[in-house]
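One file, my_file_33.txt, carrying compact mmCIF, N, CA and C atoms:
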```
# COMPACT_ATOMS: atom_id res chain seq x y z
N MET A 1 0.86 -1.17 0.00
CA MET A 1 0.00 0.00 0.00
C MET A 1 0.91 1.23 0.00
N ALA A 2 0.61 2.14 -0.85
CA ALA A 2 1.41 3.36 -0.99
C ALA A 2 1.17 4.29 0.20
N GLN A 3 2.05 5.29 0.32
CA GLN A 3 1.96 6.26 1.41
C GLN A 3 0.59 6.94 1.43
N SER A 4 0.08 7.30 0.26
CA SER A 4 -1.24 7.96 0.22
C SER A 4 -2.36 7.00 0.64
N GLY A 5 -2.19 5.70 0.36
CA GLY A 5 -3.18 4.71 0.77
C GLY A 5 -3.24 4.58 2.28
N ILE A 6 -2.08 4.58 2.91
CA ILE A 6 -2.02 4.50 4.37
C ILE A 6 -2.64 5.75 4.98
N ARG A 7 -2.33 6.90 4.40
CA ARG A 7 -2.89 8.16 4.89
C ARG A 7 -4.41 8.14 4.79
N ARG A 8 -4.94 7.61 3.68
CA ARG A 8 -6.39 7.55 3.50
C ARG A 8 -7.03 6.62 4.53
N GLU A 9 -6.39 5.49 4.80
CA GLU A 9 -6.91 4.56 5.79
C GLU A 9 -6.95 5.19 7.18
N ILE A 10 -5.94 5.95 7.52
CA ILE A 10 -5.90 6.64 8.81
C ILE A 10 -7.00 7.69 8.87
N GLU A 11 -7.19 8.42 7.78
CA GLU A 11 -8.26 9.43 7.74
C GLU A 11 -9.63 8.78 7.93
N VAL A 12 -9.85 7.64 7.30
CA VAL A 12 -11.13 6.94 7.42
C VAL A 12 -11.30 6.42 8.85
N ALA A 13 -10.23 5.87 9.42
CA ALA A 13 -10.31 5.31 10.77
C ALA A 13 -10.66 6.36 11.81
N PHE A 14 -10.15 7.57 11.64
CA PHE A 14 -10.38 8.60 12.64
C PHE A 14 -11.43 9.63 12.22
N SER A 15 -12.12 9.38 11.13
CA SER A 15 -13.15 10.29 10.67
C SER A 15 -14.38 10.20 11.57
N THR A 16 -14.98 11.33 11.84
CA THR A 16 -16.20 11.34 12.67
C THR A 16 -17.43 11.02 11.83
N GLU A 17 -17.28 10.91 10.53
CA GLU A 17 -18.41 10.62 9.65
C GLU A 17 -18.59 9.14 9.36
N THR A 18 -17.58 8.30 9.64
CA THR A 18 -17.68 6.88 9.30
C THR A 18 -18.51 6.09 10.31
N GLN A 19 -18.38 6.40 11.60
CA GLN A 19 -19.15 5.73 12.64
C GLN A 19 -19.66 6.78 13.61
N PRO A 20 -20.88 6.61 14.06
CA PRO A 20 -21.40 7.55 15.05
C PRO A 20 -20.62 7.42 16.38
N MET A 21 -20.58 8.49 17.13
CA MET A 21 -19.82 8.50 18.38
C MET A 21 -20.33 7.45 19.36
N TRP A 22 -21.66 7.24 19.43
CA TRP A 22 -22.20 6.26 20.36
C TRP A 22 -21.69 4.86 20.05
N PHE A 23 -21.50 4.56 18.75
CA PHE A 23 -21.01 3.25 18.35
C PHE A 23 -19.55 3.07 18.76
N ARG A 24 -18.75 4.12 18.58
CA ARG A 24 -17.34 4.04 18.99
C ARG A 24 -17.22 3.84 20.49
N VAL A 25 -18.02 4.58 21.27
CA VAL A 25 -17.98 4.45 22.72
C VAL A 25 -18.41 3.05 23.14
N LEU A 26 -19.48 2.54 22.53
CA LEU A 26 -19.96 1.20 22.84
C LEU A 26 -18.91 0.14 22.50
N LYS A 27 -18.29 0.29 21.34
CA LYS A 27 -17.27 -0.65 20.90
C LYS A 27 -16.10 -0.71 21.89
N TRP A 28 -15.62 0.45 22.33
CA TRP A 28 -14.52 0.49 23.29
C TRP A 28 -14.96 0.01 24.66
N ALA A 29 -16.19 0.30 25.05
CA ALA A 29 -16.68 -0.16 26.35
C ALA A 29 -16.74 -1.69 26.39
N ILE A 30 -17.20 -2.28 25.30
CA ILE A 30 -17.25 -3.75 25.23
C ILE A 30 -15.84 -4.33 25.25
N PHE A 31 -14.95 -3.76 24.46
CA PHE A 31 -13.57 -4.26 24.41
C PHE A 31 -12.91 -4.17 25.78
N LEU A 32 -13.05 -3.02 26.45
CA LEU A 32 -12.43 -2.85 27.76
C LEU A 32 -13.12 -3.70 28.83
N GLY A 33 -14.44 -3.86 28.70
CA GLY A 33 -15.17 -4.71 29.64
C GLY A 33 -14.74 -6.16 29.56
N VAL A 34 -14.61 -6.68 28.34
CA VAL A 34 -14.15 -8.06 28.16
C VAL A 34 -12.71 -8.19 28.65
N THR A 35 -11.89 -7.19 28.37
CA THR A 35 -10.50 -7.22 28.83
C THR A 35 -10.45 -7.29 30.36
N ARG A 36 -11.26 -6.48 31.01
CA ARG A 36 -11.29 -6.47 32.48
C ARG A 36 -11.77 -7.83 33.02
N ARG A 37 -12.77 -8.38 32.35
CA ARG A 37 -13.33 -9.67 32.78
C ARG A 37 -12.31 -10.80 32.63
N LEU A 38 -11.45 -10.69 31.62
CA LEU A 38 -10.44 -11.73 31.38
C LEU A 38 -9.14 -11.48 32.12
N GLN A 39 -9.10 -10.43 32.92
CA GLN A 39 -7.89 -10.12 33.69
C GLN A 39 -7.54 -11.32 34.57
N HIS A 40 -6.26 -11.63 34.63
CA HIS A 40 -5.72 -12.74 35.43
C HIS A 40 -6.15 -14.10 34.90
N THR A 41 -6.48 -14.19 33.62
CA THR A 41 -6.74 -15.49 33.01
C THR A 41 -5.77 -15.67 31.86
N ARG A 42 -5.66 -16.90 31.40
CA ARG A 42 -4.75 -17.15 30.28
C ARG A 42 -5.31 -16.64 28.96
N TRP A 43 -6.60 -16.30 28.91
CA TRP A 43 -7.24 -15.84 27.68
C TRP A 43 -7.07 -14.34 27.45
N ARG A 44 -6.58 -13.61 28.43
CA ARG A 44 -6.45 -12.16 28.30
C ARG A 44 -5.53 -11.77 27.13
N THR A 45 -4.37 -12.42 27.04
CA THR A 45 -3.44 -12.11 25.95
C THR A 45 -4.02 -12.49 24.60
N VAL A 46 -4.70 -13.62 24.56
CA VAL A 46 -5.34 -14.04 23.31
C VAL A 46 -6.35 -12.99 22.87
N TRP A 47 -7.14 -12.49 23.81
CA TRP A 47 -8.14 -11.47 23.51
C TRP A 47 -7.49 -10.17 23.07
N LEU A 48 -6.48 -9.71 23.82
CA LEU A 48 -5.83 -8.43 23.53
C LEU A 48 -5.13 -8.41 22.17
N VAL A 49 -4.64 -9.56 21.74
CA VAL A 49 -3.98 -9.64 20.44
C VAL A 49 -4.96 -10.06 19.35
N GLY A 50 -5.80 -11.02 19.66
CA GLY A 50 -6.69 -11.61 18.66
C GLY A 50 -7.81 -10.71 18.18
N ALA A 51 -8.45 -9.99 19.09
CA ALA A 51 -9.58 -9.14 18.70
C ALA A 51 -9.15 -8.02 17.74
N PRO A 52 -8.13 -7.22 18.08
CA PRO A 52 -7.72 -6.18 17.13
C PRO A 52 -7.18 -6.76 15.82
N LEU A 53 -6.43 -7.87 15.92
CA LEU A 53 -5.87 -8.47 14.71
C LEU A 53 -6.96 -8.98 13.79
N SER A 54 -7.99 -9.62 14.34
CA SER A 54 -9.07 -10.11 13.48
C SER A 54 -9.86 -8.94 12.88
N GLY A 55 -10.00 -7.85 13.61
CA GLY A 55 -10.65 -6.66 13.06
C GLY A 55 -9.88 -6.06 11.91
N ILE A 56 -8.57 -5.97 12.07
CA ILE A 56 -7.71 -5.44 10.99
C ILE A 56 -7.74 -6.36 9.78
N MET A 57 -7.67 -7.68 10.03
CA MET A 57 -7.72 -8.63 8.91
C MET A 57 -9.03 -8.53 8.16
N MET A 58 -10.14 -8.43 8.88
CA MET A 58 -11.44 -8.33 8.23
C MET A 58 -11.53 -7.04 7.42
N HIS A 59 -11.01 -5.97 7.97
CA HIS A 59 -11.00 -4.69 7.26
C HIS A 59 -10.23 -4.82 5.94
N LEU A 60 -9.04 -5.40 6.00
CA LEU A 60 -8.21 -5.52 4.80
C LEU A 60 -8.81 -6.46 3.77
N ILE A 61 -9.41 -7.55 4.22
CA ILE A 61 -10.06 -8.48 3.29
C ILE A 61 -11.24 -7.79 2.61
N TYR A 62 -12.07 -7.12 3.39
CA TYR A 62 -13.24 -6.44 2.82
C TYR A 62 -12.82 -5.34 1.87
N ARG A 63 -11.78 -4.61 2.26
CA ARG A 63 -11.27 -3.54 1.41
C ARG A 63 -10.75 -4.08 0.08
N SER A 64 -10.04 -5.19 0.12
CA SER A 64 -9.52 -5.75 -1.13
C SER A 64 -10.64 -6.30 -2.01
N LYS A 65 -11.63 -6.93 -1.40
CA LYS A 65 -12.75 -7.48 -2.17
C LYS A 65 -13.63 -6.40 -2.78
N THR A 66 -13.71 -5.25 -2.14
CA THR A 66 -14.54 -4.16 -2.66
C THR A 66 -13.71 -3.16 -3.47
N GLN A 67 -12.45 -3.48 -3.67
CA GLN A 67 -11.52 -2.63 -4.41
C GLN A 67 -11.56 -1.20 -3.87
N GLY A 68 -11.26 -1.09 -2.60
CA GLY A 68 -11.20 0.24 -1.98
C GLY A 68 -12.57 0.83 -1.71
N TRP A 69 -13.54 -0.02 -1.36
CA TRP A 69 -14.90 0.39 -1.02
C TRP A 69 -15.68 0.91 -2.24
N THR A 70 -15.26 0.54 -3.46
CA THR A 70 -15.95 1.05 -4.65
C THR A 70 -16.88 0.02 -5.28
N ARG A 71 -16.80 -1.24 -4.86
CA ARG A 71 -17.66 -2.28 -5.42
C ARG A 71 -18.41 -3.02 -4.32
N SER A 72 -19.54 -3.57 -4.68
CA SER A 72 -20.33 -4.34 -3.72
C SER A 72 -19.73 -5.73 -3.56
N TRP A 73 -19.79 -6.25 -2.33
CA TRP A 73 -19.31 -7.60 -2.06
C TRP A 73 -19.83 -8.05 -0.71
N GLY A 74 -20.19 -9.30 -0.59
CA GLY A 74 -20.54 -9.88 0.69
C GLY A 74 -21.82 -9.37 1.31
N GLY A 75 -22.81 -9.05 0.53
CA GLY A 75 -24.08 -8.63 1.09
C GLY A 75 -24.18 -7.14 1.38
N TRP A 76 -23.19 -6.39 1.00
CA TRP A 76 -23.20 -4.94 1.24
C TRP A 76 -23.25 -4.25 -0.10
N LYS A 77 -24.13 -3.28 -0.24
CA LYS A 77 -24.29 -2.56 -1.50
C LYS A 77 -23.51 -1.26 -1.42
N ALA A 78 -22.50 -1.10 -2.28
CA ALA A 78 -21.71 0.12 -2.31
C ALA A 78 -22.53 1.25 -2.93
N ASP A 79 -22.29 2.47 -2.45
CA ASP A 79 -23.01 3.63 -2.98
C ASP A 79 -22.70 3.86 -4.45
N HIS A 80 -21.45 3.72 -4.83
CA HIS A 80 -21.02 4.00 -6.19
C HIS A 80 -20.45 2.72 -6.82
N ALA A 81 -21.22 1.66 -6.77
CA ALA A 81 -20.74 0.37 -7.29
C ALA A 81 -20.60 0.43 -8.80
N THR A 82 -19.50 -0.14 -9.26
CA THR A 82 -19.28 -0.26 -10.71
C THR A 82 -19.29 -1.74 -11.05
N GLU A 83 -20.05 -2.13 -11.98
CA GLU A 83 -20.19 -3.54 -12.34
C GLU A 83 -19.08 -4.00 -13.23
```

Let's see the structure in the file written out as structure tokens.
Amino acid sequence: MAQSGIRREIEVAFSTETQPMWFRVLKWAIFLGVTRRLQHTRWRTVWLVGAPLSGIMMHLIYRSKTQGWTRSWGGWKADHATE
């Protein structure tokens, strides 16, 4: 991925227009709640590494399949889909 591609991904990740604030707060509350619940267990490290890694992997797979969010794939209809 080129420098501009990385910059675009960062802009999308931190954009206030991509996800509503309530969703971001809920997402972090769940992540931190599960982390707290798994404290002092052997599953804590698996959770702390596995959850973000699987999210990043899913993002990259979906991005590649939709060719940068420009095509529909996997049950999601892109706004500007090109056939």

Could you tell me how far atom N of A:Lys65 lies from atom C of A:Gln19, in Å and to one decimal?
21.9 Å

Rounded to one decimal place, report the atom N of A:Arg37-atom N of A:Ile61 distance in Å.
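We find that atom N of A:Arg37 and atom N of A:Ile61 lie 28.3 Å from each other.
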
Test item: axis-aligned box, all listed atoms of stretch 21-26 of chain A, 3 Å on each side, centre and edges in Å rounded to one decimal, as lines of an AutoDock Vina configuration file:
```
center_x = -19.7
center_y = 4.3
center_z = 20.1
size_x = 11.0
size_y = 14.4
size_z = 12.0
```

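Relative to atom CA of A:Val49, atom CA of A:Leu32 is found at 13.1 Å.
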